[in-house]
>>> print(open('entry.cif').read())   # mmCIF, C-alpha atoms, pLDDT in the B column; chains and numbers go by the auth columns
data_start
#
loop_
_atom_site.group_PDB
_atom_site.id
_atom_site.type_symbol
_atom_site.label_atom_id
_atom_site.label_comp_id
_atom_site.label_asym_id
_atom_site.label_seq_id
_atom_site.Cartn_x
_atom_site.Cartn_y
_atom_site.Cartn_z
_atom_site.B_iso_or_equiv
_atom_site.auth_seq_id
_atom_site.auth_asym_id
ATOM 1 C CA MET A 1 1.051 -1.582 22.477 79.00 176 W
ATOM 2 C CA ASP A 2 -1.405 -3.123 20.053 83.00 177 W
ATOM 3 C CA ARG A 3 0.002 -3.172 16.508 81.00 178 W
ATOM 4 C CA SER A 4 -2.891 -1.242 14.928 83.00 179 W
ATOM 5 C CA ASP A 5 -2.682 1.411 17.683 87.00 180 W
ATOM 6 C CA PHE A 6 1.064 1.736 17.089 87.00 181 W
ATOM 7 C CA TYR A 7 0.638 2.394 13.360 87.00 182 W
ATOM 8 C CA LEU A 8 -2.289 4.728 13.939 87.00 183 W
ATOM 9 C CA LYS A 9 -0.024 6.796 16.191 90.00 184 W
ATOM 10 C CA GLN A 10 2.716 6.841 13.520 90.00 185 W
ATOM 11 C CA VAL A 11 0.217 8.110 10.934 88.00 186 W
ATOM 12 C CA GLU A 12 -0.957 10.826 13.339 89.00 187 W
ATOM 13 C CA LEU A 13 2.643 11.893 14.064 89.00 188 W
ATOM 14 C CA SER A 14 3.386 12.060 10.342 89.00 189 W
ATOM 15 C CA GLN A 15 0.288 14.192 9.704 88.00 190 W
ATOM 16 C CA LYS A 16 1.525 16.607 12.395 90.00 191 W
ATOM 17 C CA GLU A 17 4.989 16.553 10.766 89.00 192 W
ATOM 18 C CA LYS A 18 6.484 15.083 13.937 90.00 193 W
ATOM 19 C CA LYS A 19 9.149 12.387 14.098 90.00 194 W
ATOM 20 C CA PRO A 20 8.267 8.863 15.249 89.00 195 W
ATOM 21 C CA ASP A 21 8.880 8.461 18.973 87.00 196 W
ATOM 22 C CA MET A 22 8.925 4.689 19.480 90.00 197 W
ATOM 23 C CA ALA A 23 10.088 1.652 17.543 92.00 198 W
ATOM 24 C CA VAL A 24 8.303 -1.537 16.527 91.00 199 W
ATOM 25 C CA GLY A 25 10.170 -4.833 16.920 93.00 200 W
ATOM 26 C CA ILE A 26 10.352 -6.746 13.659 94.00 201 W
ATOM 27 C CA VAL A 27 12.250 -9.519 11.917 97.00 202 W
ATOM 28 C CA SER A 28 13.420 -9.058 8.335 96.00 203 W
ATOM 29 C CA ILE A 29 14.718 -12.000 6.343 97.00 204 W
ATOM 30 C CA LEU A 30 16.527 -12.205 3.015 97.00 205 W
ATOM 31 C CA ILE A 31 16.611 -15.774 1.689 97.00 206 W
ATOM 32 C CA PHE A 32 18.912 -16.845 -1.146 97.00 207 W
ATOM 33 C CA ASP A 33 18.995 -20.022 -3.177 95.00 208 W
ATOM 34 C CA GLU A 34 22.231 -21.890 -3.838 92.00 209 W
ATOM 35 C CA LYS A 35 22.737 -19.969 -7.081 94.00 210 W
ATOM 36 C CA GLY A 36 22.801 -16.747 -5.061 95.00 211 W
ATOM 37 C CA GLU A 37 19.397 -15.490 -6.215 97.00 212 W
ATOM 38 C CA ILE A 38 17.172 -13.638 -3.736 97.00 213 W
ATOM 39 C CA PHE A 39 13.597 -14.652 -2.974 96.00 214 W
ATOM 40 C CA VAL A 40 11.528 -11.446 -3.295 96.00 215 W
ATOM 41 C CA GLN A 41 7.964 -11.472 -2.017 92.00 216 W
ATOM 42 C CA LYS A 42 5.164 -9.746 -3.938 91.00 217 W
ATOM 43 C CA ARG A 43 2.933 -8.508 -1.140 85.00 218 W
ATOM 44 C CA SER A 44 -0.810 -9.013 -1.242 80.00 219 W
ATOM 45 C CA ASP A 45 -2.958 -6.045 -2.206 79.00 220 W
ATOM 46 C CA LYS A 46 -4.893 -6.695 1.028 79.00 221 W
ATOM 47 C CA LYS A 47 -1.920 -5.951 3.307 76.00 222 W
ATOM 48 C CA ALA A 48 -2.187 -2.837 5.471 72.00 223 W
ATOM 49 C CA HIS A 49 1.431 -1.831 4.759 78.00 224 W
ATOM 50 C CA ASN A 50 3.321 -1.788 1.454 82.00 225 W
ATOM 51 C CA ALA A 51 0.376 -3.438 -0.308 79.00 226 W
ATOM 52 C CA GLY A 52 1.218 -4.898 -3.717 86.00 227 W
ATOM 53 C CA MET A 53 4.911 -3.988 -3.462 89.00 228 W
ATOM 54 C CA LEU A 54 7.973 -6.170 -3.958 93.00 229 W
ATOM 55 C CA ASP A 55 9.501 -6.735 -0.540 93.00 230 W
ATOM 56 C CA LYS A 56 12.071 -8.734 1.423 94.00 231 W
ATOM 57 C CA SER A 57 11.690 -12.512 1.429 93.00 232 W
ATOM 58 C CA ILE A 58 9.910 -12.600 4.801 92.00 233 W
ATOM 59 C CA GLY A 59 9.079 -10.090 7.501 90.00 234 W
ATOM 60 C CA GLY A 60 7.072 -10.054 10.675 90.00 235 W
ATOM 61 C CA HIS A 61 6.341 -8.322 13.938 91.00 236 W
ATOM 62 C CA ILE A 62 7.758 -9.735 17.167 94.00 237 W
ATOM 63 C CA THR A 63 4.955 -10.555 19.598 91.00 238 W
ATOM 64 C CA PHE A 64 5.498 -9.212 23.111 88.00 239 W
ATOM 65 C CA GLY A 65 7.281 -11.872 25.168 90.00 240 W
ATOM 66 C CA ASP A 66 8.764 -13.680 22.141 94.00 241 W
ATOM 67 C CA VAL A 67 12.383 -13.489 21.010 95.00 242 W
ATOM 68 C CA ALA A 68 13.425 -12.659 17.459 96.00 243 W
ATOM 69 C CA ASP A 69 14.791 -16.128 16.621 96.00 244 W
ATOM 70 C CA PHE A 70 11.476 -17.737 17.592 96.00 245 W
ATOM 71 C CA THR A 71 9.561 -15.201 15.480 96.00 246 W
ATOM 72 C CA VAL A 72 11.794 -15.973 12.486 96.00 247 W
ATOM 73 C CA MET A 73 11.063 -19.699 12.662 95.00 248 W
ATOM 74 C CA VAL A 74 7.324 -19.019 12.926 93.00 249 W
ATOM 75 C CA GLU A 75 7.313 -16.467 10.067 92.00 250 W
ATOM 76 C CA THR A 76 9.197 -18.694 7.613 93.00 251 W
ATOM 77 C CA VAL A 77 6.501 -21.339 8.022 91.00 252 W
ATOM 78 C CA GLN A 78 3.563 -18.905 8.103 88.00 253 W
ATOM 79 C CA GLU A 79 4.587 -16.841 5.072 85.00 254 W
ATOM 80 C CA LEU A 80 6.302 -19.308 2.725 86.00 255 W
ATOM 81 C CA GLN A 81 5.614 -22.682 4.400 89.00 256 W
ATOM 82 C CA VAL A 82 9.349 -23.270 4.786 91.00 257 W
ATOM 83 C CA PRO A 83 10.709 -24.721 8.055 93.00 258 W
ATOM 84 C CA SER A 84 13.926 -23.084 9.238 96.00 259 W
ATOM 85 C CA ILE A 85 16.881 -23.434 11.563 96.00 260 W
ATOM 86 C CA VAL A 86 18.233 -20.194 13.050 97.00 261 W
ATOM 87 C CA LEU A 87 21.891 -19.828 14.034 96.00 262 W
ATOM 88 C CA ARG A 88 23.660 -16.910 15.673 93.00 263 W
ATOM 89 C CA THR A 89 27.356 -17.316 14.870 94.00 264 W
ATOM 90 C CA GLN A 90 29.128 -17.617 11.537 92.00 265 W
ATOM 91 C CA GLU A 91 30.873 -20.756 12.784 94.00 266 W
ATOM 92 C CA ASP A 92 27.582 -22.470 13.689 96.00 267 W
ATOM 93 C CA PHE A 93 25.971 -21.343 10.435 96.00 268 W
ATOM 94 C CA LEU A 94 28.778 -22.731 8.263 94.00 269 W
ATOM 95 C CA LYS A 95 28.870 -25.973 10.253 95.00 270 W
ATOM 96 C CA ALA A 96 25.106 -26.435 9.785 95.00 271 W
ATOM 97 C CA TYR A 97 25.360 -25.457 6.117 95.00 272 W
ATOM 98 C CA VAL A 98 27.988 -28.125 5.413 94.00 273 W
ATOM 99 C CA LEU A 99 26.099 -30.739 7.442 95.00 274 W
ATOM 100 C CA LEU A 100 22.661 -30.009 5.932 95.00 275 W
ATOM 101 C CA LYS A 101 23.602 -28.885 2.417 93.00 276 W
ATOM 102 C CA ASP A 102 21.853 -31.889 0.845 94.00 277 W
ATOM 103 C CA TYR A 103 18.611 -31.018 2.685 95.00 278 W
ATOM 104 C CA LEU A 104 18.228 -27.398 1.593 95.00 279 W
ATOM 105 C CA ASN A 105 15.199 -28.311 -0.484 95.00 280 W
ATOM 106 C CA THR A 106 13.320 -29.097 2.752 95.00 281 W
ATOM 107 C CA VAL A 107 14.729 -26.666 5.329 96.00 282 W
ATOM 108 C CA ALA A 108 16.134 -23.124 5.301 96.00 283 W
ATOM 109 C CA ILE A 109 19.286 -22.371 7.278 97.00 284 W
ATOM 110 C CA LEU A 110 19.267 -18.817 8.626 97.00 285 W
ATOM 111 C CA LYS A 111 21.901 -16.651 10.267 97.00 286 W
ATOM 112 C CA HIS A 112 21.349 -13.574 12.410 97.00 287 W
ATOM 113 C CA ILE A 113 23.127 -10.626 10.784 97.00 288 W
ATOM 114 C CA ASP A 114 22.313 -7.486 12.771 96.00 289 W
ATOM 115 C CA THR A 115 19.955 -5.805 15.235 96.00 290 W
ATOM 116 C CA ARG A 116 19.523 -2.040 14.913 96.00 291 W
ATOM 117 C CA ILE A 117 16.917 0.676 14.925 95.00 292 W
ATOM 118 C CA TYR A 118 16.314 2.311 11.551 94.00 293 W
ATOM 119 C CA GLU A 119 13.719 4.790 10.377 92.00 294 W
ATOM 120 C CA LEU A 120 12.096 3.395 7.245 91.00 295 W
ATOM 121 C CA LYS A 121 8.985 4.425 5.369 89.00 296 W
ATOM 122 C CA ARG A 122 5.907 2.222 5.148 87.00 297 W
ATOM 123 C CA LYS A 123 3.233 2.783 2.562 85.00 298 W
ATOM 124 C CA ILE A 124 0.025 3.082 4.594 85.00 299 W
ATOM 125 C CA ASN A 125 -3.184 4.175 2.831 84.00 300 W
ATOM 126 C CA ASN A 126 -1.082 5.160 -0.204 83.00 301 W
ATOM 127 C CA LYS A 127 1.093 7.519 1.869 87.00 302 W
ATOM 128 C CA LEU A 128 4.703 6.973 2.911 88.00 303 W
ATOM 129 C CA ILE A 129 4.838 7.122 6.712 90.00 304 W
ATOM 130 C CA PRO A 130 8.163 7.182 8.611 91.00 305 W
ATOM 131 C CA VAL A 131 8.341 4.375 11.186 91.00 306 W
ATOM 132 C CA LEU A 132 11.112 3.489 13.622 92.00 307 W
ATOM 133 C CA ASN A 133 11.896 -0.210 13.261 92.00 308 W
ATOM 134 C CA ASN A 134 13.916 -2.237 15.757 94.00 309 W
ATOM 135 C CA ILE A 135 15.093 -4.596 13.025 96.00 310 W
ATOM 136 C CA ASN A 136 16.473 -8.070 13.586 97.00 311 W
ATOM 137 C CA LEU A 137 17.984 -8.919 10.197 97.00 312 W
ATOM 138 C CA TYR A 138 18.645 -12.474 9.007 98.00 313 W
ATOM 139 C CA PHE A 139 20.088 -13.997 5.854 98.00 314 W
ATOM 140 C CA GLY A 140 19.219 -17.544 4.859 97.00 315 W
ATOM 141 C CA VAL A 141 19.803 -20.178 2.216 97.00 316 W
ATOM 142 C CA TYR A 142 17.097 -22.465 0.825 96.00 317 W
ATOM 143 C CA SER A 143 16.731 -24.406 -2.439 93.00 318 W
ATOM 144 C CA GLY A 144 13.232 -25.857 -2.266 93.00 319 W
ATOM 145 C CA SER A 145 9.859 -24.660 -3.393 89.00 320 W
ATOM 146 C CA VAL A 146 7.837 -22.017 -1.588 88.00 321 W
ATOM 147 C CA LYS A 147 4.108 -21.752 -1.185 84.00 322 W
ATOM 148 C CA THR A 148 2.549 -18.419 -0.323 81.00 323 W
ATOM 149 C CA VAL A 149 -0.274 -18.336 2.191 75.00 324 W
ATOM 150 C CA ASP A 150 -3.582 -16.767 1.160 64.00 325 W
ATOM 151 C CA GLY A 151 -3.669 -13.115 2.145 70.00 326 W
ATOM 152 C CA GLU A 152 0.066 -12.915 2.862 72.00 327 W
ATOM 153 C CA ALA A 153 1.588 -12.632 -0.602 79.00 328 W
ATOM 154 C CA LYS A 154 0.691 -12.801 -4.279 84.00 329 W
ATOM 155 C CA GLY A 155 3.810 -14.777 -5.084 88.00 330 W
ATOM 156 C CA VAL A 156 7.580 -14.979 -4.838 92.00 331 W
ATOM 157 C CA LEU A 157 10.134 -14.019 -7.494 94.00 332 W
ATOM 158 C CA LEU A 158 13.818 -14.913 -7.740 96.00 333 W
ATOM 159 C CA TYR A 159 16.295 -12.142 -8.594 97.00 334 W
ATOM 160 C CA SER A 160 20.030 -12.016 -9.030 97.00 335 W
ATOM 161 C CA LEU A 161 21.477 -9.186 -6.953 97.00 336 W
ATOM 162 C CA GLU A 162 22.437 -7.282 -10.101 97.00 337 W
ATOM 163 C CA ASP A 163 18.984 -7.614 -11.697 97.00 338 W
ATOM 164 C CA LEU A 164 17.304 -6.566 -8.461 98.00 339 W
ATOM 165 C CA GLU A 165 19.485 -3.465 -8.154 98.00 340 W
ATOM 166 C CA ARG A 166 18.844 -2.552 -11.795 97.00 341 W
ATOM 167 C CA GLU A 167 15.058 -2.858 -11.451 97.00 342 W
ATOM 168 C CA MET A 168 15.105 -0.847 -8.223 97.00 343 W
ATOM 169 C CA VAL A 169 16.663 2.029 -10.179 96.00 344 W
ATOM 170 C CA GLU A 170 14.305 1.650 -13.156 97.00 345 W
ATOM 171 C CA PHE A 171 11.089 1.074 -11.156 96.00 346 W
ATOM 172 C CA PRO A 172 11.656 2.429 -7.623 94.00 347 W
ATOM 173 C CA GLY A 173 7.936 2.664 -6.815 92.00 348 W
ATOM 174 C CA MET A 174 7.526 -1.107 -7.161 94.00 349 W
ATOM 175 C CA PHE A 175 9.836 -1.899 -4.241 95.00 350 W
ATOM 176 C CA SER A 176 9.363 -1.401 -0.511 92.00 351 W
ATOM 177 C CA ASP A 177 11.601 1.058 1.319 91.00 352 W
ATOM 178 C CA ASP A 178 12.704 -1.892 3.483 92.00 353 W
ATOM 179 C CA LEU A 179 14.044 -3.925 0.584 96.00 354 W
ATOM 180 C CA LYS A 180 15.765 -0.963 -1.078 96.00 355 W
ATOM 181 C CA PHE A 181 17.402 -0.052 2.228 95.00 356 W
ATOM 182 C CA PHE A 182 18.626 -3.584 3.038 96.00 357 W
ATOM 183 C CA ILE A 183 20.094 -4.148 -0.422 97.00 358 W
ATOM 184 C CA LYS A 184 21.997 -0.850 -0.291 96.00 359 W
ATOM 185 C CA ARG A 185 23.032 -0.863 3.390 97.00 360 W
ATOM 186 C CA TYR A 186 24.032 -4.531 3.591 97.00 361 W
ATOM 187 C CA ARG A 187 25.351 -5.095 0.070 97.00 362 W
ATOM 188 C CA PRO A 188 28.890 -6.140 1.163 97.00 363 W
ATOM 189 C CA GLN A 189 27.451 -8.666 3.633 97.00 364 W
ATOM 190 C CA ILE A 190 25.024 -9.944 0.957 97.00 365 W
ATOM 191 C CA VAL A 191 27.862 -10.479 -1.535 97.00 366 W
ATOM 192 C CA GLU A 192 29.898 -12.292 1.120 95.00 367 W
ATOM 193 C CA PHE A 193 26.915 -14.471 2.082 96.00 368 W
ATOM 194 C CA ILE A 194 26.189 -15.392 -1.537 96.00 369 W
ATOM 195 C CA LYS A 195 29.849 -16.286 -2.081 94.00 370 W
ATOM 196 C CA ALA A 196 29.875 -18.538 0.995 92.00 371 W
ATOM 197 C CA THR A 197 26.698 -20.417 0.015 92.00 372 W
ATOM 198 C CA ARG A 198 26.671 -20.446 -3.782 84.00 373 W
ATOM 199 C CA THR A 199 27.171 -23.779 -5.520 68.00 374 W
ATOM 200 C CA LYS A 200 28.468 -24.035 -9.056 48.00 375 W
#
>>> encode(input="entry.cif", output="structure tokens")
Amino acid sequence: MDRSDFYLKQVELSQKEKKPDMAVGIVSILIFDEKGEIFVQKRSDKKAHNAGMLDKSIGGHITFGDVADFTVMVETVQELQVPSIVLRTQEDFLKAYVLLKDYLNTVAILKHIDTRIYELKRKINNKLIPVLNNINLYFGVYSGSVKTVDGEAKGVLLYSLEDLEREMVEFPGMFSDDLKFFIKRYRPQIVEFIKATRTK
């Protein structure tokens, strides 16, 4: 189904107070630097969904016929102009991390964390619309600079996990439902990932 048709249907279902009946395939990526800080994207005001909100590092829709890992590598370049390597197992991730640790200013190393369907809200036309998301979640580590692409994002901020959680409580309307959900649902995995990749 065409993406715009899919979201139009979700808006119509919400207006009729009906539950979403199909899921959209997406990739969601949380990228951390070697100090353990999270790259948080400030979405462009021109975006159709969650415009102007603070969101996960990178996200994107999976094009029909593509696999999630391919989409991740494309999205990291398209959204932040960061090339990436995607790994599936913890063993492969740690091996690549040790091997490429000195190159993290030029390439992001990403690990697949989970694939599940969750109902999350998207802000569409200033209304929160429930959407079923078939989420492929990735964590990554990267130490270089990022460059936002025109129309994609206003900029990128770095947050410690504690500061991010505090601001989400103080200013909940500034953050996307996606980011709030991932930080709460996957907090133990985030802490473990930061511990494994943080340098002193």
>>> closest_atom_pairs(input="entry.cif", of="region 230-281 of chain W", to="region 192-201 of chain W", cutoff="8 Å", atoms="only C-alpha atoms", output="CSV")
residue,atom,partner,partner_atom,distance
W:Gly234,CA,W:Ile201,CA,7.1
W:Gly235,CA,W:Ile201,CA,5.5
W:His236,CA,W:Ile201,CA,4.3
W:Ile237,CA,W:Ile201,CA,5.3
W:Ala243,CA,W:Ile201,CA,7.7
>>> closest_residue(input="entry.cif", among="W:Phe207, W:Tyr182, W:Phe268, W:Tyr293", to="Ser232 (chain W)", atoms="all atoms listed in the file")
W:Phe207
>>> closest_residue(input="entry.cif", among="W:Leu279, W:Leu205, W:Ile284, W:Val273", to="Ser259 (chain W)", atoms="only C-alpha atoms")
W:Ile284
>>> closest_residue(input="entry.cif", among="W:Asp289, W:Glu266, W:Glu337, W:Asp352", to="Phe314 (chain W)", atoms="all atoms listed in the file")
W:Asp289
>>> resolve_selection(input="entry.cif", expression="the PyMOL selection byres ((chain W and resi 230) around 6)", output="VMD selection string")
chain W and resid 215 to 216 229 231 351 354
>>> resolve_selection(input="entry.cif", expression="the PyMOL selection byres ((chain W and resi 358-374) around 9)", output="ChimeraX atom specification")
/W:207-212,269,272,288,314-316,336,339-340,353-357,375
>>> residues_around(input="entry.cif", residues="Val261 (chain W)", least_positions_apart="2", cutoff="9 Å", atoms="all atoms listed in the file", output="CSV table (one decimal) with C-alpha atoms, keeping the file's coordinate frame")
chain,number,residue,atom,x,y,z
W,244,ASP,CA,14.8,-16.1,16.6
W,245,PHE,CA,11.5,-17.7,17.6
W,247,VAL,CA,11.8,-16.0,12.5
W,248,MET,CA,11.1,-19.7,12.7
W,259,SER,CA,13.9,-23.1,9.2
W,263,ARG,CA,23.7,-16.9,15.7
W,268,PHE,CA,26.0,-21.3,10.4
W,283,ALA,CA,16.1,-23.1,5.3
W,284,ILE,CA,19.3,-22.4,7.3
W,285,LEU,CA,19.3,-18.8,8.6
W,286,LYS,CA,21.9,-16.7,10.3
W,287,HIS,CA,21.3,-13.6,12.4
W,313,TYR,CA,18.6,-12.5,9.0
W,315,GLY,CA,19.2,-17.5,4.9
>>> axis_aligned_box(input="entry.cif", around="region 218-222 of chain W", padding_each_side="3 Å", output="AutoDock Vina command-line options")
--center_x -1.0 --center_y -7.5 --center_z 0.6 --size_x 13.8 --size_y 9.1 --size_z 11.5
>>> atom_distance(input="entry.cif", atom1="CA of Thr323 (chain W)", atom2="CA of Phe214 (chain W)")
12.0 Å
>>> resolve_selection(input="entry.cif", expression="the PyMOL selection byres ((chain W and resi 227) around 12)", output="list of chain:residue names")
W:Gln216, W:Lys217, W:Arg218, W:Ser219, W:Asp220, W:Lys221, W:Lys222, W:Ala223, W:His224, W:Asn225, W:Ala226, W:Met228, W:Leu229, W:Asp230, W:Lys298, W:Ile299, W:Asn301, W:Gly326, W:Glu327, W:Ala328, W:Lys329, W:Gly330, W:Val331, W:Gly348, W:Met349, W:Phe350, W:Ser351
>>> atom_distance(input="entry.cif", atom1="CA of Leu295 (chain W)", atom2="CA of Asn309 (chain W)")
10.4 Å
